[in-house]
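This report refers to the structure that appears directly beneath it.
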Amino acid sequence: MEGSQHLAELPLGRPRSHVAAALDWLRARATTTPGKLSMVLAGLIAAIVLFGIVATAAERSRAQAAQAARAQTERLLVQAANLYTKLSDANATVATALLSGGSEPPAKRALYLQDLRAASNALSTLTREAGGSARSRAGLGVVSAELPIYSGLVESARANNEQGFPIGAAYLRRASALLTGTVLPAADGIYAAEARRLGDDYGSGTTSTTLVAFIVASAIVLSLLALAQWYVARTSHRILNVLMLAATAVLLVVSIWGVVGLLTEQSSLSSARRNGSDPLEVLTATRILLSRAQGDQSLALVDRGTDEADPRDFGAVMRVLEPSRGTRGLIGEVAALAGQNGTSGPASQLEAGFASYRAETAQIAALENGGQIEPAIQRAPAASTTFDHLNVSLADQVAAAQRRFTRSASSATSAVSALSLAIPLLTVVVAALVFLALRERINEYR
Amino acid sequence: MRRTIAQLALFALVAATLFGCGASSDPAQRTALAALATTTPQPSPSKRLPPCRPGPNLTASLRPPAPMPAPGAMPAGSFMAQIERRHHLIAGVNDGFLGFAYLNPSTGHIDGFEIDLVRQLAKAIFGNPNAYVLKALTVSQRNRFVMDGNVDIVVDAETITCKNKEQVDFSTPYYDAHQRVLVPSGSSAQGLPNLGGQRVCATTNSAPIPVIQQYPTHPIAVGASQAIDCLVYLQEGAGRIAAISTDDSILEGFKAQDPNTRIVGTSLAPVPYGMAISKAHPGFVRFVNGVLAQVRTDGTWASLYRKWLRKFSPTSPPPSPPQPTYTR
C-alpha cells in the first residue's frame with residue numbers, strides 16, 4: 001500500500017523510462033514498411049533459434065535415454081541378477097557340502113568360491129556404475145557390509161565342522177539366515193531398482209512428449225515462414241523469394257528428418273524392449289526365483305526339519321513360477337514372450353525342464369515329510385543336476401535376449417546420432433537464409 | 001496452413017500408434033517385479049498359555065503295562081500297532097546337542113545318547129533298532145509336532161515342566177540335568193550372583209529362561225532359537241552376551257567345543273528330561289515307561305552313558321539313572 005502511494009506522488013510528464021522510449025520508437029518504426037519487415041525478420045530469427053533449442057533438446061533427451069539403456073542400465077540389470085543368483089547358489093552349495101556328511105568335497109568347495117568370486121565381481125561392477133537411485137545404493141551398502149560377515153561365518157562353520165562340532169551347523173544356519181534374510185533381499189532390491197531405471201530410460205527414450213514438442217516447434221516455424229512469405233509477397237509485389245523458399249525447404253528437411261529419426265529411434269527402442277529386455281527381465285526373474293527355490297530345497301534338506309521357513313518359502317516361490325489359479329506363472333510368461341519373438345524352442349525346453357524339476361523336488365519333499373531324510377538326500381543330486389541344466393538354458397536365453405536387445409538398441413542410438421549435429425547446423429543455415437532474404441527486401445527501401 | 005493441418009494429422013496418427021506400443025511393454029516388467037516380491041509366508045502365532053504351578057509329583061508318569069507286549073506283536077488297536085503298520089517310528093530330536101543328539105559331520109547322521117534311546121524304543125516295537133526316522137526340531141516346534149501327530153515322540157532334552165505338561169504327556173525321566181552357568185574363561189563371574197544386569201542366553205521358551213529372569217540379581221535373559229546358537233553368540237564376542245545358563249548336560253558339550261569357556265556355580269534348578277508323547281496316547285506313554293524301566297535296570301542306561309556322556313565329566317562319579325515314580 002505504501003509503495004503504491006509513493007508511486008502516485010511521482011510527478012507525471014517526465015520521460016517514464018528507457019523501455020518506454022524504446023517502445024515508442026518501435027511503434028513509430030512499425031508504421032513504415034522497412035520497419036515492419038525488420039520486425040518480421042527479428043521475430044522469425046527468434047522463432048528459428050527457439051526451434052533449434054527445442055529440437056536439439058528433444059533429440060538429446062531421446063539420444064541420452066537410448067544410450068543409457070543400451071550402454072549401462074541393461075548391463076547393470078544382468079549384473080544385479082548375477083549378484084543374487086551367485087550368492088544364492090553359493091549358499092546352497094556350501095550348505096549341502098558341509099551338512100550332508102563326510103568331509104567337504106573339494107569340487108563343492110571350488111564351486112562355492114567360484115560363485116562367491118562371481119558375486120563379488122558383480123558387486124564391484126554395480127558399485128562402480130550404478131550411481132543411480134537411493135534404493136540401489138542402499139542395497140549395495142547392505143551387500144558390501146554383510147558379505148564379509150557372511151563368508152566369515154561360513155569359514156567358522158567349516159573350521160568347527162572339520163572338528164566334528166555341531167556348532168559348525170549353527171554357524172552355517174546363522175550364515176544362511178544372514179544371506180537369505182538380509183543380503184538376498186538387498187540384492188533383490190538392487191535388481192528391482194535397476195529394472196525400474198531401465199523402465200525410466202524407456203519412458204524418456206520413447207515418450208511422445210519429445211516428439212510432440214518437436215513437431216509443434218517445426219509446425220510453428222514452418223507456418224511463420226509461410227506467413228512471412230505471404231506478407232513479403234504482398235508488400236513487395238514479388239511472388240517468389242528464392243532465399244526464403246530455400247530456408248523453408250531446409251527447415252522442412254530438418255523437420256522430416258527429425259520426425260523420421262525420432263520415430264525410428266522410438267520404434268527401435270520399443271522393439272529392444274519387446275524383444276530384448278522384456279524377455280530378459282522375465283528370464284532373470286525366473287533365474288532368481290529358481291535359484292531361491294533350489295536354495296530353500298537344499299537348506300530344508302540339510303536342516304532336517306528344524307527350519308520350517310525354507311519349505312514354506314519353497315512352496316511360495318514354486319507357486320509363482322508354475323501356472324496356478326488362472327495365471328500362467330513366470331515359466332509360462334517366458335514361453336509367451338518367446339512365442340512373440342519366434343524363439344519358442346528353448347522356451348519349451350525350459351518348460352519341460354521345469355516340469356521335471358518340479359516332479360523331482362516334490363518327490364524329495366514327500367520323502368522328507370515322511371521322515372525319510374537319507375533317501376531324500378540321495379535324490380537331491382538329481383534335482384540339483386536338473387537345476388543346473390535349467391540354469392544353463394536360462395543363461396543361454398538371457399544371452400540371446402541381450403543380443404536382440406543390443407541390436408535394436410544400437411539402431412535406436414544410430415537413428416538419432418546424425419541428428420545431433422544436423423539439427424543445430426541446419427537451424428543456423430535456415431536462420432542465415434531468412435536473414436539474407438529479408439535484409440535484401442529491407443535494403444530495397446533504403 | 002494446409003501443411004500444418006497435415007502435420008497435425010500425422011502427429012495424431014503417430015501419437016496413437018505410440019501410446020498403443022508403450023502400454024504393451026509394461027506388463028512384462030510388472031510381472032517380473034511382482035514375482036520377485038514373493039515373501040516367505042509366516043505361520044500364525046500360537047496362543048499364550050497362563051502360568052501354572054508345579055505339583056509335588058511333577059515327574060510322575062503312567063505305570064508300565066504288565067507284561068510288556070513282545071516286539072513285533074503290539075496289541076491290536078493300540079497306537080504302537082499303528083506305528084508298527086507304518087514300519088518305522090518317527091521321533092523328533094535335536095541335531096546340535098553334542099553327546100545327546102547331534103549331526104555327526106563325519107557320517108551325516110544324527111547320533112547320540114538320545115538317538116540310542118530311540119533305537120531302544122524301535123527295538124521294543126519292531127524288534128529292529130533301525131526302524132526309526134528322525135526329525136530335527138526346534139524347542140518351539142516340539143510340543144506342536146507332538147500335538148499335531150507329526151512325530152510319534154519327542155526325545156529332545158525336553159524338560160518335564162508343568163507348562164509343557166499342559167500340552168503333552170511325559171514319560172518317566174531318562175536323564176537328570178541341572179541348570180548351571182557357562183562363562184568365557186576370562187570372565188570373573190562365578191554364577192548368576194555376579195551377572196546382575198548382564199545378558200545371559202538360553203533357548204527361547206525353555207525352562208531356564210524364567211529361572212534367569214527371576215534370579216534375585218536380575219540378569220537379562222536373552223533367547224536363542226536353539227541352545228547352540230547361544231554358544232555362537234558367546235564366540236562372536238563384542239559383548240553380545242556375558243554367559244549361557246542352561247542344562248549342565250548341554251554346557252558340558254559346549255565346553256568340549258570351545259575350550260575357552262568354563263562351567264561355574266551350583267545347580268540353579270533340577271532339569272528332568274522326559275520323552276514327550278501326545279495326550280491322546282496314554283497307552284504309548286505306559287509302553288515307553290516300560291522300555292525305560294528295562295533300560296534303567298538291565299545296564300543299558302549305564303553303558304549308553306559311558307558311550308556318549310562320560311567323556312564330558314570324566315572326574316565325577318558316573319550318575320545312576322533317574323528313578324521313576326508312577327501314578328495309577
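We name chains A, B, ... following the order of the C-alpha cells; residues begin at 1 in each chain, and ligands are numbered from 1 as shown.
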
Specify as a count of residues only all residues of chain B found within 6 Å of chain A, counting only C-alpha atoms.
14

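Among the candidate residues B:Val155, B:Ala269, B:Leu234, B:Ala302, the one lying nearest to B:Tyr215 is B:Ala269, with distances computed using only C-alpha atoms.
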
Could you give me, as a VMD selection string, the residues within 10 Å of stretch 116-132 of chain A, counting only C-alpha atoms and dropping anything in the same chain fewer than 5 positions from it?
chain A and resid 72 to 73 75 to 91 110 to 111 137 140 to 141 143 to 144 147 151 187 190 193 to 194 197

For each of A:Ala293, A:Leu252, A:Val398, A:Ala46, take the minimum atom-to-atom distance to A:Tyr357, counting only C-alpha atoms, then give the residue where this is smallest.
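With only C-alpha atoms as the atom set, the closest residue is A:Ala293.
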
Quick one: residues within 10 Å of stretch 115-123 of chain B, only C-alpha atoms, excluding same-chain residues fewer than 2 positions away - as number ranges by chain?
B: 71-72, 83-84, 87-94, 99-102, 110-113, 125-134, 153-156, 174, 275, 287-288, 290-292, 294-295, 300-301, 304, 308

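Residues of stretch 143-229 of chain B that DSSP, applied to the backbone, places in strand (DSSP E): Ile153, Val154, Asp169, Phe170, Tyr175, Asp176, Ala177, His178, Gln179, Arg180, Val181, Leu182, Val183, Pro184, Arg199, Val200, Cys201, Ala202, Thr203, Ile220, Ala221, Val222, Gly223 and Ala224 of chain B.
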
B:Leu251, B:Ala70, B:Cys230, B:Ile160: which is nearest B:Ala276, counting only C-alpha atoms?
B:Ile160

Return as a tab-separated table the residues of stretch 243-284 of chain B lying at most 9 Å from stretch 202-211 of chain B, together with the closest atom-to-atom pair for each and the distance in Å to one decimal, counting only C-alpha atoms, with rows in chain order and ascending residue number.
```
residue	atom	partner	partner_atom	distance
B:Ile244	CA	B:Ala202	CA	6.1
B:Ser245	CA	B:Ala202	CA	5.9
B:Thr246	CA	B:Pro208	CA	5.7
B:Asp247	CA	B:Pro208	CA	7.9
B:Leu268	CA	B:Val211	CA	7.6
B:Ala269	CA	B:Val211	CA	7.7
B:Val271	CA	B:Ala207	CA	8.3
```
